[in-house]
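> Got a structure for you, coords.cif, holding mmCIF, C-alpha atoms and all ligand atoms.
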data_start
loop_
_atom_site.label_atom_id
_atom_site.label_comp_id
_atom_site.auth_asym_id
_atom_site.auth_seq_id
_atom_site.Cartn_x
_atom_site.Cartn_y
_atom_site.Cartn_z
CA MET E 1 -62.23 -61.46 7.34
CA HIS E 2 -61.30 -57.98 6.11
CA HIS E 3 -62.16 -55.50 3.41
CA PHE E 4 -58.89 -55.30 1.47
CA TYR E 5 -59.27 -57.05 -1.89
CA TYR E 6 -58.34 -56.92 -5.53
CA ILE E 7 -60.63 -55.69 -8.27
CA ASN E 8 -59.09 -56.06 -11.70
CA ARG E 9 -55.66 -56.63 -10.16
CA GLU E 10 -55.85 -53.43 -8.16
CA LEU E 11 -55.97 -53.43 -4.37
CA TYR E 12 -58.96 -51.71 -2.79
CA CYS E 13 -59.97 -50.91 0.73
CA GLU E 14 -63.75 -51.18 0.67
CA ASN E 15 -64.64 -49.20 -2.49
CA VAL E 16 -61.52 -47.07 -2.66
CA PRO E 17 -58.44 -48.00 -4.69
CA LEU E 18 -55.30 -47.64 -2.59
CA ALA E 19 -53.44 -45.97 -5.44
CA ARG E 20 -55.89 -43.07 -5.30
CA ILE E 21 -55.20 -42.50 -1.61
CA ALA E 22 -51.45 -42.73 -2.15
CA ALA E 23 -51.65 -40.14 -4.94
CA GLN E 24 -53.44 -37.72 -2.63
CA VAL E 25 -51.74 -38.19 0.74
CA GLY E 26 -48.30 -39.48 -0.27
CA THR E 27 -46.58 -42.47 1.32
CA PRO E 28 -46.14 -44.13 3.74
CA PHE E 29 -49.52 -44.20 5.47
CA TYR E 30 -51.56 -46.48 7.69
CA LEU E 31 -54.94 -47.36 6.26
CA TYR E 32 -57.88 -48.74 8.22
CA SER E 33 -61.20 -50.11 7.04
CA HIS E 34 -64.26 -48.85 8.88
CA ALA E 35 -66.27 -51.89 7.76
CA THR E 36 -63.64 -54.31 9.08
CA LEU E 37 -63.25 -52.54 12.42
CA SER E 38 -67.03 -52.45 12.94
CA ARG E 39 -67.48 -56.03 11.84
CA HIS E 40 -64.72 -57.23 14.17
CA PHE E 41 -66.20 -55.39 17.12
CA ARG E 42 -69.73 -56.64 16.45
CA THR E 43 -68.60 -60.23 15.95
CA PHE E 44 -66.56 -60.13 19.13
CA THR E 45 -69.28 -58.71 21.32
CA ALA E 46 -71.92 -61.00 19.74
CA ALA E 47 -69.85 -63.97 20.86
CA PHE E 48 -70.75 -63.09 24.46
CA GLU E 49 -74.42 -62.35 23.87
CA GLY E 50 -76.57 -63.49 26.73
CA PHE E 51 -73.71 -63.13 29.23
CA SER E 52 -73.28 -59.79 30.98
CA HIS E 53 -70.09 -58.37 29.49
CA LEU E 54 -68.14 -55.27 28.51
CA VAL E 55 -65.60 -55.07 25.69
CA CYS E 56 -62.80 -52.63 26.58
CA PHE E 57 -60.60 -52.11 23.53
CA ALA E 58 -56.88 -52.14 24.40
CA VAL E 59 -55.88 -48.58 23.51
CA LYS E 60 -52.23 -49.56 23.23
CA ALA E 61 -53.04 -51.55 20.08
CA ASN E 62 -54.31 -48.47 18.27
CA GLY E 63 -55.00 -45.22 20.07
CA ASN E 64 -56.24 -43.10 17.18
CA LEU E 65 -59.19 -40.98 18.33
CA ALA E 66 -61.36 -41.92 15.36
CA ILE E 67 -60.90 -45.62 16.04
CA LEU E 68 -61.55 -45.26 19.77
CA ARG E 69 -64.68 -43.26 18.96
CA LEU E 70 -65.88 -45.91 16.51
CA PHE E 71 -65.62 -48.64 19.15
CA ALA E 72 -67.19 -46.35 21.78
CA GLN E 73 -70.16 -45.77 19.49
CA LEU E 74 -70.56 -49.53 19.20
CA GLY E 75 -70.78 -49.73 22.99
CA GLY E 76 -67.16 -50.43 23.79
CA GLY E 77 -64.99 -49.16 26.58
CA ALA E 78 -61.22 -48.85 26.91
CA ASP E 79 -58.41 -50.76 28.54
CA ILE E 80 -55.73 -48.21 29.38
CA VAL E 81 -52.22 -48.44 30.79
CA SER E 82 -51.30 -44.78 31.24
CA GLY E 83 -52.63 -41.30 31.87
CA GLY E 84 -51.99 -40.56 28.20
CA GLU E 85 -54.23 -43.44 27.14
CA LEU E 86 -56.92 -42.24 29.56
CA TYR E 87 -56.67 -38.79 28.01
CA ARG E 88 -57.05 -40.27 24.54
CA ALA E 89 -60.02 -42.41 25.56
CA LEU E 90 -61.81 -39.45 27.14
CA LYS E 91 -61.11 -37.20 24.15
CA ALA E 92 -62.58 -39.90 21.92
CA GLY E 93 -65.75 -39.98 23.99
CA VAL E 94 -65.30 -43.28 25.86
CA GLU E 95 -67.51 -43.33 28.96
CA PRO E 96 -65.40 -43.19 32.15
CA LYS E 97 -67.43 -46.04 33.64
CA LYS E 98 -66.23 -48.24 30.80
CA VAL E 99 -62.52 -47.71 31.44
CA VAL E 100 -60.25 -50.26 33.13
CA TYR E 101 -56.71 -49.35 34.06
CA SER E 102 -53.88 -51.94 34.07
CA GLY E 103 -50.10 -51.57 34.13
CA VAL E 104 -47.32 -52.27 36.63
CA GLY E 105 -46.11 -48.68 36.94
CA LYS E 106 -49.00 -46.33 37.58
CA LYS E 107 -47.68 -42.95 38.80
CA PRO E 108 -49.42 -40.86 41.49
CA ALA E 109 -50.52 -38.20 38.98
CA GLU E 110 -51.97 -40.89 36.72
CA ILE E 111 -53.81 -42.50 39.63
CA ARG E 112 -55.25 -39.11 40.65
CA PHE E 113 -56.37 -38.46 37.06
CA ALA E 114 -58.13 -41.82 36.89
CA LEU E 115 -59.75 -41.35 40.31
CA LYS E 116 -61.04 -37.91 39.39
CA THR E 117 -62.34 -39.28 36.09
CA GLY E 118 -64.28 -42.00 37.90
CA ILE E 119 -63.13 -45.04 35.91
CA LEU E 120 -64.71 -48.49 36.29
CA MET E 121 -61.72 -50.13 38.00
CA PHE E 122 -57.99 -50.21 38.61
CA ASN E 123 -56.34 -53.54 37.90
CA ILE E 124 -53.70 -53.56 40.59
CA GLU E 125 -50.42 -55.29 39.88
CA SER E 126 -48.56 -55.30 43.22
CA SER E 127 -49.00 -54.98 46.97
CA GLN E 128 -47.22 -51.63 46.94
CA GLU E 129 -49.56 -50.30 44.27
CA LEU E 130 -52.49 -51.41 46.41
CA ALA E 131 -51.22 -49.24 49.25
CA ALA E 132 -50.45 -46.32 46.95
CA ILE E 133 -53.91 -46.25 45.38
CA SER E 134 -55.57 -46.48 48.77
CA ARG E 135 -53.44 -43.58 50.06
CA ILE E 136 -54.14 -41.36 47.05
CA ALA E 137 -57.88 -42.16 47.11
CA GLY E 138 -57.86 -41.22 50.80
CA ARG E 139 -56.32 -37.86 50.07
CA LEU E 140 -59.00 -37.24 47.44
CA LYS E 141 -61.64 -38.39 49.97
CA THR E 142 -62.88 -41.03 47.60
CA LYS E 143 -62.88 -44.79 47.16
CA ALA E 144 -60.99 -46.54 44.38
CA PRO E 145 -62.79 -49.46 42.72
CA ILE E 146 -60.19 -52.18 42.33
CA ALA E 147 -59.42 -55.63 41.00
CA LEU E 148 -56.19 -57.46 41.58
CA ARG E 149 -54.51 -58.51 38.39
CA ILE E 150 -53.65 -62.12 39.02
CA ASN E 151 -50.65 -63.80 37.51
CA PRO E 152 -52.01 -67.34 37.14
CA ASN E 153 -48.67 -68.83 36.04
CA ILE E 154 -49.87 -70.13 32.69
CA ASP E 155 -47.86 -70.56 29.54
CA PRO E 156 -49.77 -68.85 26.71
CA LYS E 157 -47.40 -70.40 24.14
CA THR E 158 -46.65 -67.18 22.35
CA HIS E 159 -43.59 -64.99 21.70
CA PRO E 160 -41.67 -64.57 24.99
CA TYR E 161 -41.83 -60.76 24.74
CA ILE E 162 -45.63 -60.81 24.74
CA SER E 163 -46.33 -63.55 27.27
CA THR E 164 -47.35 -61.99 30.55
CA GLY E 165 -49.01 -64.62 32.75
CA LEU E 166 -45.99 -66.63 33.81
CA LYS E 167 -44.49 -66.44 37.29
CA LYS E 168 -41.25 -65.10 35.81
CA ASN E 169 -43.05 -62.13 34.16
CA LYS E 170 -43.29 -58.76 35.87
CA PHE E 171 -47.08 -58.67 35.55
CA GLY E 172 -49.78 -59.21 38.12
CA ILE E 173 -49.85 -60.61 41.62
CA ASN E 174 -48.85 -64.22 42.08
CA ILE E 175 -51.98 -66.30 42.43
CA ASP E 176 -50.66 -67.87 45.65
CA GLN E 177 -50.40 -64.45 47.24
CA ALA E 178 -53.70 -63.13 45.91
CA LEU E 179 -55.93 -64.18 48.79
CA GLN E 180 -53.69 -62.45 51.28
CA ASP E 181 -53.73 -59.22 49.24
CA TYR E 182 -57.51 -59.35 48.86
CA ARG E 183 -57.88 -59.77 52.63
CA ARG E 184 -55.72 -56.72 53.08
CA ALA E 185 -57.53 -54.74 50.39
CA VAL E 186 -60.91 -55.10 52.09
CA THR E 187 -59.50 -53.63 55.30
CA LEU E 188 -58.35 -50.46 53.54
CA PRO E 189 -61.03 -47.79 53.85
CA HIS E 190 -60.38 -46.11 50.53
CA LEU E 191 -60.57 -49.18 48.34
CA GLU E 192 -63.62 -50.97 47.10
CA VAL E 193 -62.89 -54.49 45.93
CA VAL E 194 -65.02 -55.13 42.84
CA GLY E 195 -63.11 -57.50 40.60
CA VAL E 196 -60.55 -60.08 39.65
CA ALA E 197 -58.41 -59.48 36.56
CA CYS E 198 -55.81 -61.23 34.48
CA HIS E 199 -54.14 -60.99 31.08
CA ILE E 200 -51.88 -63.87 30.18
CA GLY E 201 -50.35 -62.71 26.92
CA SER E 202 -50.95 -61.69 23.36
CA GLN E 203 -51.33 -63.41 19.96
CA ILE E 204 -52.58 -66.58 21.66
CA THR E 205 -53.77 -69.09 19.08
CA GLU E 206 -55.25 -71.81 21.33
CA LEU E 207 -58.16 -71.87 23.73
CA ALA E 208 -56.49 -74.03 26.37
CA PRO E 209 -54.42 -71.30 28.11
CA PHE E 210 -57.50 -69.05 28.42
CA LEU E 211 -59.55 -71.90 29.88
CA GLU E 212 -56.81 -72.82 32.31
CA ALA E 213 -56.71 -69.21 33.49
CA VAL E 214 -60.49 -69.15 33.91
CA ALA E 215 -60.40 -72.36 35.96
CA ARG E 216 -57.84 -70.87 38.34
CA LEU E 217 -59.66 -67.55 38.62
CA LYS E 218 -62.99 -69.29 39.26
CA ASP E 219 -61.43 -71.10 42.20
CA LEU E 220 -60.12 -67.83 43.52
CA ILE E 221 -63.51 -66.10 43.14
CA ARG E 222 -65.21 -68.94 45.03
CA GLN E 223 -62.64 -68.73 47.80
CA LEU E 224 -63.19 -64.98 48.02
CA GLU E 225 -66.96 -65.41 48.15
CA ARG E 226 -66.52 -67.87 51.02
CA GLU E 227 -64.66 -65.16 52.89
CA GLY E 228 -67.45 -62.66 52.18
CA ILE E 229 -65.52 -60.78 49.48
CA HIS E 230 -67.98 -60.31 46.66
CA ILE E 231 -66.65 -60.08 43.10
CA ARG E 232 -68.71 -58.25 40.48
CA TYR E 233 -66.30 -58.17 37.56
CA LEU E 234 -64.04 -60.77 36.06
CA ASP E 235 -61.61 -59.17 33.61
CA LEU E 236 -59.95 -61.77 31.39
CA GLY E 237 -57.76 -59.31 29.51
CA GLY E 238 -57.08 -59.58 25.79
CA GLY E 239 -54.78 -61.87 23.90
CA LEU E 240 -56.82 -63.64 21.24
CA GLY E 241 -54.55 -64.12 18.24
CA ILE E 242 -55.09 -63.42 14.56
CA THR E 243 -53.90 -64.85 11.26
CA TYR E 244 -50.79 -63.08 10.03
CA ASP E 245 -49.57 -66.03 7.99
CA GLN E 246 -50.60 -69.66 8.63
CA GLU E 247 -51.88 -69.30 12.21
CA ARG E 248 -55.33 -70.73 12.87
CA PRO E 249 -56.53 -69.04 16.04
CA PRO E 250 -59.99 -69.81 17.40
CA HIS E 251 -62.74 -67.66 15.91
CA PRO E 252 -64.12 -65.12 18.43
CA GLN E 253 -67.37 -67.09 18.32
CA GLU E 254 -65.54 -70.21 19.56
CA TYR E 255 -63.60 -68.21 22.13
CA GLY E 256 -66.84 -66.65 23.41
CA ALA E 257 -68.70 -69.94 23.53
CA ALA E 258 -65.86 -71.65 25.42
CA LEU E 259 -65.56 -68.84 27.95
CA ARG E 260 -69.31 -68.60 28.50
CA LYS E 261 -69.43 -72.33 29.14
CA ALA E 262 -66.48 -72.20 31.51
CA LEU E 263 -68.13 -69.37 33.45
CA GLU E 264 -71.56 -70.93 33.72
CA GLY E 265 -73.10 -70.44 37.13
CA LEU E 266 -70.83 -67.53 38.03
CA LYS E 267 -72.72 -64.31 38.65
CA ILE E 268 -70.27 -61.76 37.34
CA THR E 269 -69.92 -59.25 34.52
CA LEU E 270 -67.19 -60.37 32.20
CA ILE E 271 -64.72 -57.75 30.96
CA LEU E 272 -62.59 -58.41 27.89
CA GLU E 273 -59.68 -56.29 26.67
CA PRO E 274 -59.14 -57.27 23.03
CA GLY E 275 -56.70 -55.24 20.97
CA ARG E 276 -55.14 -57.16 18.12
CA VAL E 277 -58.20 -59.23 17.24
CA LEU E 278 -60.25 -56.08 16.64
CA ALA E 279 -57.70 -53.88 14.89
CA GLY E 280 -54.88 -56.09 13.56
CA ASN E 281 -56.36 -57.23 10.27
CA ALA E 282 -58.39 -54.03 9.86
CA GLY E 283 -55.30 -52.00 9.01
CA ILE E 284 -52.34 -52.02 6.65
CA LEU E 285 -49.25 -49.94 6.04
CA VAL E 286 -48.85 -48.64 2.50
CA THR E 287 -45.36 -47.82 1.33
CA ARG E 288 -43.61 -47.04 -1.96
CA VAL E 289 -40.53 -48.65 -3.44
CA LEU E 290 -37.62 -46.24 -3.69
CA TYR E 291 -34.88 -48.46 -5.07
CA THR E 292 -33.96 -52.05 -5.65
CA LYS E 293 -30.50 -53.35 -5.03
CA ASP E 294 -28.98 -56.72 -5.83
CA THR E 295 -25.92 -57.97 -4.05
CA GLU E 296 -24.12 -61.21 -4.82
CA ASP E 297 -26.61 -63.37 -2.99
CA LYS E 298 -29.48 -61.05 -2.01
CA HIS E 299 -32.21 -58.91 -3.48
CA PHE E 300 -33.14 -55.85 -1.48
CA ILE E 301 -36.27 -53.85 -2.12
CA ILE E 302 -35.91 -50.51 -0.39
CA VAL E 303 -39.17 -48.82 0.55
CA ASP E 304 -40.04 -45.51 2.20
CA ALA E 305 -41.38 -47.12 5.43
CA GLY E 306 -39.02 -48.46 8.05
CA MET E 307 -38.78 -50.02 11.48
CA ASN E 308 -39.67 -46.67 13.05
CA ASP E 309 -43.05 -46.88 11.29
CA LEU E 310 -43.68 -50.60 11.89
CA ALA E 311 -41.46 -52.06 14.57
CA ARG E 312 -42.98 -55.56 14.80
CA PRO E 313 -40.82 -57.38 12.22
CA SER E 314 -37.58 -56.05 13.76
CA LEU E 315 -38.72 -56.48 17.32
CA TYR E 316 -40.38 -59.89 17.22
CA GLY E 317 -39.40 -61.25 13.80
CA SER E 318 -43.09 -61.09 13.04
CA TYR E 319 -44.65 -61.90 9.70
CA HIS E 320 -46.74 -59.43 7.71
CA GLY E 321 -48.14 -60.28 4.30
CA ILE E 322 -46.55 -58.25 1.48
CA TRP E 323 -49.05 -57.49 -1.25
CA PRO E 324 -48.62 -55.48 -4.43
CA VAL E 325 -51.06 -52.57 -4.71
CA VAL E 326 -51.24 -53.22 -8.44
CA LYS E 327 -50.62 -56.77 -9.63
CA LYS E 328 -48.25 -56.83 -12.58
CA ASP E 329 -46.91 -59.59 -14.74
CA CYS E 330 -43.54 -59.84 -13.09
CA PRO E 331 -41.55 -62.75 -11.71
CA THR E 332 -41.63 -63.79 -8.07
CA ILE E 333 -38.28 -63.47 -6.34
CA THR E 334 -36.88 -64.12 -2.90
CA ALA E 335 -36.09 -60.70 -1.49
CA SER E 336 -35.97 -58.60 1.67
CA LEU E 337 -38.21 -55.56 1.95
CA VAL E 338 -36.17 -53.04 3.89
CA GLY E 339 -36.56 -49.44 5.06
CA PRO E 340 -34.34 -46.36 5.02
CA ILE E 341 -33.25 -46.65 8.69
CA CYS E 342 -29.58 -47.02 9.45
CA GLU E 343 -29.82 -50.41 11.11
CA SER E 344 -29.53 -53.88 9.67
CA GLY E 345 -32.57 -54.85 11.73
CA ASP E 346 -34.66 -52.46 9.66
CA PHE E 347 -36.79 -54.82 7.60
CA LEU E 348 -40.47 -55.35 6.99
CA ALA E 349 -39.98 -58.79 5.43
CA LYS E 350 -36.81 -60.87 5.28
CA ASN E 351 -35.86 -63.39 2.61
CA ARG E 352 -39.40 -63.84 1.46
CA LYS E 353 -41.01 -64.70 -1.85
CA MET E 354 -42.58 -61.57 -3.31
CA PRO E 355 -43.14 -59.94 -6.69
CA ALA E 356 -40.01 -58.40 -8.22
CA PHE E 357 -41.13 -54.91 -7.21
CA GLN E 358 -39.71 -51.95 -9.11
CA PRO E 359 -39.11 -48.33 -8.04
CA GLN E 360 -42.38 -46.37 -7.62
CA ASP E 361 -44.44 -49.52 -7.01
CA LEU E 362 -46.79 -49.35 -4.05
CA VAL E 363 -46.63 -52.14 -1.50
CA ALA E 364 -49.17 -53.06 1.18
CA VAL E 365 -47.82 -54.43 4.44
CA MET E 366 -50.78 -56.39 5.72
CA SER E 367 -52.16 -56.97 9.24
CA SER E 368 -50.66 -53.77 10.62
CA GLY E 369 -53.70 -52.25 12.31
CA ALA E 370 -52.64 -53.26 15.82
CA TYR E 371 -49.31 -52.28 17.37
CA GLY E 372 -48.39 -50.56 14.12
CA PHE E 373 -48.76 -46.81 14.35
CA SER E 374 -49.03 -46.99 18.15
CA MET E 375 -45.47 -48.34 18.39
CA SER E 376 -44.01 -46.04 15.77
CA SER E 377 -41.34 -43.48 16.58
CA ASN E 378 -39.42 -40.57 15.16
CA TYR E 379 -36.15 -42.51 15.02
CA ASN E 380 -33.75 -41.18 12.38
CA ALA E 381 -35.76 -37.90 12.60
CA ARG E 382 -38.54 -39.34 10.50
CA PRO E 383 -41.93 -37.63 10.83
CA ARG E 384 -44.60 -40.14 11.80
CA VAL E 385 -46.84 -41.18 8.93
CA ALA E 386 -50.47 -40.28 8.20
CA GLU E 387 -53.39 -42.47 9.25
CA ILE E 388 -56.36 -42.85 6.94
CA LEU E 389 -59.79 -44.35 7.54
CA VAL E 390 -61.83 -45.65 4.63
CA LYS E 391 -65.60 -45.88 4.84
CA ASP E 392 -67.43 -47.15 1.77
CA ASN E 393 -66.48 -44.85 -1.13
CA ASP E 394 -64.59 -42.23 0.88
CA PHE E 395 -61.43 -41.83 2.86
CA TYR E 396 -60.65 -39.57 5.79
CA VAL E 397 -57.30 -38.40 7.15
CA ILE E 398 -57.60 -39.34 10.83
CA ARG E 399 -54.06 -38.27 11.62
CA LYS E 400 -52.05 -35.89 9.52
CA ARG E 401 -48.55 -36.79 8.50
CA GLU E 402 -46.10 -35.09 10.85
CA THR E 403 -43.86 -32.36 9.51
CA TYR E 404 -40.28 -31.43 10.41
CA ARG E 405 -41.72 -28.91 12.89
CA HIS E 406 -43.20 -31.77 14.91
CA LEU E 407 -39.74 -33.27 15.20
CA ILE E 408 -38.35 -30.37 17.22
CA ARG E 409 -41.51 -29.40 19.09
CA GLY E 410 -40.65 -28.67 22.71
CA GLU E 411 -36.89 -28.61 22.19
CA SER E 412 -34.83 -25.56 23.07
CA ILE E 413 -31.22 -24.46 23.01
CA PRO E 414 -30.13 -23.04 26.40
CA ASP E 415 -28.75 -19.50 26.44
CA PHE E 416 -25.18 -20.57 27.13
CA LEU E 417 -25.18 -22.31 23.74
CA ARG E 418 -26.76 -19.41 21.89
CA ASN E 419 -23.60 -17.66 20.80
CA SER E 420 -22.54 -18.62 17.35
CA PRO E 421 -19.76 -21.23 17.40
N1 LIG U 501 -54.84 -56.08 28.26
C1 LIG U 501 -53.59 -55.94 28.76
C2 LIG U 501 -53.41 -55.73 30.20
C3 LIG U 501 -52.48 -55.99 27.89
O1 LIG U 501 -51.26 -55.86 28.38
C4 LIG U 501 -52.68 -56.19 26.51
C5 LIG U 501 -51.55 -56.24 25.58
C6 LIG U 501 -54.00 -56.30 26.04
C7 LIG U 501 -55.06 -56.26 26.94
C8 LIG U 501 -54.34 -56.50 24.58
O2 LIG U 501 -53.82 -57.69 24.09
P1 LIG U 501 -54.21 -58.18 22.63
O3 LIG U 501 -55.68 -58.50 22.62
O4 LIG U 501 -53.90 -57.10 21.68
O5 LIG U 501 -53.38 -59.38 22.42
N2 LIG U 501 -46.53 -55.09 20.85
C9 LIG U 501 -46.86 -56.49 20.81
C10 LIG U 501 -48.08 -56.81 21.65
C11 LIG U 501 -47.97 -56.38 23.08
C12 LIG U 501 -49.20 -56.67 23.87
C13 LIG U 501 -49.16 -55.99 25.19
N3 LIG U 501 -50.34 -56.13 25.96
C14 LIG U 501 -47.05 -56.92 19.36
O6 LIG U 501 -46.93 -56.08 18.48
O7 LIG U 501 -47.28 -58.08 19.10
#
Write out the structure in this file as structure tokens.
Ligand code: LLP


Amino acid sequence: MHHFYYINRELYCENVPLARIAAQVGTPFYLYSHATLSRHFRTFTAAFEGFSHLVCFAVKANGNLAILRLFAQLGGGADIVSGGELYRALKAGVEPKKVVYSGVGKKPAEIRFALKTGILMFNIESSQELAAISRIAGRLKTKAPIALRINPNIDPKTHPYISTGLKKNKFGINIDQALQDYRRAVTLPHLEVVGVACHIGSQITELAPFLEAVARLKDLIRQLEREGIHIRYLDLGGGLGITYDQERPPHPQEYGAALRKALEGLKITLILEPGRVLAGNAGILVTRVLYTKDTEDKHFIIVDAGMNDLARPSLYGSYHGIWPVVKKDCPTITASLVGPICESGDFLAKNRKMPAFQPQDLVAVMSSGAYGFSMSSNYNARPRVAEILVKDNDFYVIRKRETYRHLIRGESIPDFLRNSP
């Protein structure tokens, strides 16, 4: 459910027509609905009502300060994977005690930053990281609260690039080795074992893989309890999928009910790290048609947004709905919506049925609120686009469009190259 709809053939976000925003801020831009973001967060957290839990939004899905603040105000925390994401979360006002830190490559400076901040827990992904965090915590004369991120060897049945809980993936500690690492962790004086964590993948559209993971982690928690290692937090990561096209993922309510049932009798606080399910369908990318071009067997619609702005179609072949911002009486054609980047992989939609868009038309690329702006780049020296938040009748620029100055920020020409050629 989202708040992008047509009124008299014109696309609105809440009560604001998209064309009005485009006229004021130019294109392309990302557009988020405050009502949708809030509704998604509330629905998600309500699904776990009655069970002690904490929803830590995955900052990697959308790190904009305004969005992080919105979730923080609704009681959410943050799932981070870098010092930069911790910085963002803190700047947005996320409480340190609601921050969990995953990622296979945490650097010493990042670990120190997180320790000084006093985050809720580190989700440790290898035996070497365990030793490193203990060492650094020792130097800071503190104790690091930790969970081991378990790789439960489960197939989440999603795109191979975003499946993370299989033995062959680089993520987590093999479940067969976990007990041994926990035994070691409790002997290290600068670690405090508080949790068990896992994240098996993203855009998962069935409950079964989540439940399988829970079953395995429950066994592990019981084993640990038998050995006197008490677990306070079970972090099940993110991964719940959304509808981009025809997918029918479980509703958060169903997901919550199934997890609560599976966890019955376990005295833990559940941590969840949703990203896509909160932000994905709450945001779109708005772009303008520059040209159309017909070759012998293909129609191309060339727009001003490219793979540097939204990488998902090129990277994963992913589907995003293509909606006209103003519905016109024009034929439907099979066309490819492509960007200005100098790569053949630069498309937002390939060989798809869509209106026969004309130059100047505005196009909405749907379901782009997660892993959209956050994965964008300056490739082809393209300034990154603006981000806009709509609330009711108003819109707010929550990130200004970059300028050419941003493109060269921090660059310098060494003296030996200063002489004119
Ligand atoms: N927690 C951890 C440890 C993660 O690695 C991820 C996502 C999440 C939570 C959030 O997962 P979500 O609820 O959003 O599925 N760029 C890809 C997605 C990569 C996901 C990486 N990890 C895409 O655009 O589909």

> Using all atoms listed in the file, can you tell me which of E:Tyr404, E:Tyr233, E:Phe171, E:Phe4 comes closest to ligand LIG 501 (chain U)?

E:Phe171

> Report as a PyMOL selection string all protein, DNA and RNA residues lying within 12 Å of Asp235 of chain E, evaluated on all atoms listed in the file, omitting residues in the same chain fewer than 5 positions from it.

chain E and resi 52-56+79+99-102+120-124+146-150+194-200+210+213-214+217-218+221+259+268-274

> Keeping only C-alpha atoms, write the selected residues as a PDB file, in the coordinates of the input.


ATOM      1  CA  SER E  52     -73.280 -59.790  30.980  1.00  0.00           C
ATOM      2  CA  HIS E  53     -70.090 -58.370  29.490  1.00  0.00           C
ATOM      3  CA  LEU E  54     -68.140 -55.270  28.510  1.00  0.00           C
ATOM      4  CA  VAL E  55     -65.600 -55.070  25.690  1.00  0.00           C
ATOM      5  CA  CYS E  56     -62.800 -52.630  26.580  1.00  0.00           C
ATOM      6  CA  ASP E  79     -58.410 -50.760  28.540  1.00  0.00           C
ATOM      7  CA  VAL E  99     -62.520 -47.710  31.440  1.00  0.00           C
ATOM      8  CA  VAL E 100     -60.250 -50.260  33.130  1.00  0.00           C
ATOM      9  CA  TYR E 101     -56.710 -49.350  34.060  1.00  0.00           C
ATOM     10  CA  SER E 102     -53.880 -51.940  34.070  1.00  0.00           C
ATOM     11  CA  LEU E 120     -64.710 -48.490  36.290  1.00  0.00           C
ATOM     12  CA  MET E 121     -61.720 -50.130  38.000  1.00  0.00           C
ATOM     13  CA  PHE E 122     -57.990 -50.210  38.610  1.00  0.00           C
ATOM     14  CA  ASN E 123     -56.340 -53.540  37.900  1.00  0.00           C
ATOM     15  CA  ILE E 124     -53.700 -53.560  40.590  1.00  0.00           C
ATOM     16  CA  ILE E 146     -60.190 -52.180  42.330  1.00  0.00           C
ATOM     17  CA  ALA E 147     -59.420 -55.630  41.000  1.00  0.00           C
ATOM     18  CA  LEU E 148     -56.190 -57.460  41.580  1.00  0.00           C
ATOM     19  CA  ARG E 149     -54.510 -58.510  38.390  1.00  0.00           C
ATOM     20  CA  ILE E 150     -53.650 -62.120  39.020  1.00  0.00           C
ATOM     21  CA  VAL E 194     -65.020 -55.130  42.840  1.00  0.00           C
ATOM     22  CA  GLY E 195     -63.110 -57.500  40.600  1.00  0.00           C
ATOM     23  CA  VAL E 196     -60.550 -60.080  39.650  1.00  0.00           C
ATOM     24  CA  ALA E 197     -58.410 -59.480  36.560  1.00  0.00           C
ATOM     25  CA  CYS E 198     -55.810 -61.230  34.480  1.00  0.00           C
ATOM     26  CA  HIS E 199     -54.140 -60.990  31.080  1.00  0.00           C
ATOM     27  CA  ILE E 200     -51.880 -63.870  30.180  1.00  0.00           C
ATOM     28  CA  PHE E 210     -57.500 -69.050  28.420  1.00  0.00           C
ATOM     29  CA  ALA E 213     -56.710 -69.210  33.490  1.00  0.00           C
ATOM     30  CA  VAL E 214     -60.490 -69.150  33.910  1.00  0.00           C
ATOM     31  CA  LEU E 217     -59.660 -67.550  38.620  1.00  0.00           C
ATOM     32  CA  LYS E 218     -62.990 -69.290  39.260  1.00  0.00           C
ATOM     33  CA  ILE E 221     -63.510 -66.100  43.140  1.00  0.00           C
ATOM     34  CA  LEU E 259     -65.560 -68.840  27.950  1.00  0.00           C
ATOM     35  CA  ILE E 268     -70.270 -61.760  37.340  1.00  0.00           C
ATOM     36  CA  THR E 269     -69.920 -59.250  34.520  1.00  0.00           C
ATOM     37  CA  LEU E 270     -67.190 -60.370  32.200  1.00  0.00           C
ATOM     38  CA  ILE E 271     -64.720 -57.750  30.960  1.00  0.00           C
ATOM     39  CA  LEU E 272     -62.590 -58.410  27.890  1.00  0.00           C
ATOM     40  CA  GLU E 273     -59.680 -56.290  26.670  1.00  0.00           C
ATOM     41  CA  PRO E 274     -59.140 -57.270  23.030  1.00  0.00           C
TER      42      PRO E 274
END

> Could you check how far atom C9 of ligand LIG 501 (chain U) sits from atom CA of Val363 of chain E, in Å to one decimal?

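Taking atom C9 of ligand LIG 501 (chain U) and atom CA of Val363 of chain E, their separation equals 22.7 Å.
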
> State, in Å with one decimal place, the distance from atom CA of Thr43 of chain E to atom CA of Gly256 of chain E.

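Value for the atom CA of Thr43 of chain E-atom CA of Gly256 of chain E distance: 10.0 Å.
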
> Would you mind listing what lies within 7 Å of Ala89 of chain E as number ranges by chain, with only C-alpha atoms counted and same-chain residues fewer than 5 positions away left out?

E: 68, 78, 94

> Using all atoms listed in the file, find the one residue out of E:Val104, E:Val385, E:Ile80, E:Ala335 that sits nearest to Asn169 of chain E.

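Checking each candidate against Asn169 of chain E, we get E:Val104 as the closest.
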
> Compare E:Ile111, E:Leu337, E:Met366, E:Gly118 by their minimum atom-to-atom distance to Arg139 of chain E, counting all atoms listed in the file, and give me the closest one.

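Nearest candidate to Arg139 of chain E out of E:Ile111, E:Leu337, E:Met366, E:Gly118: E:Ile111.
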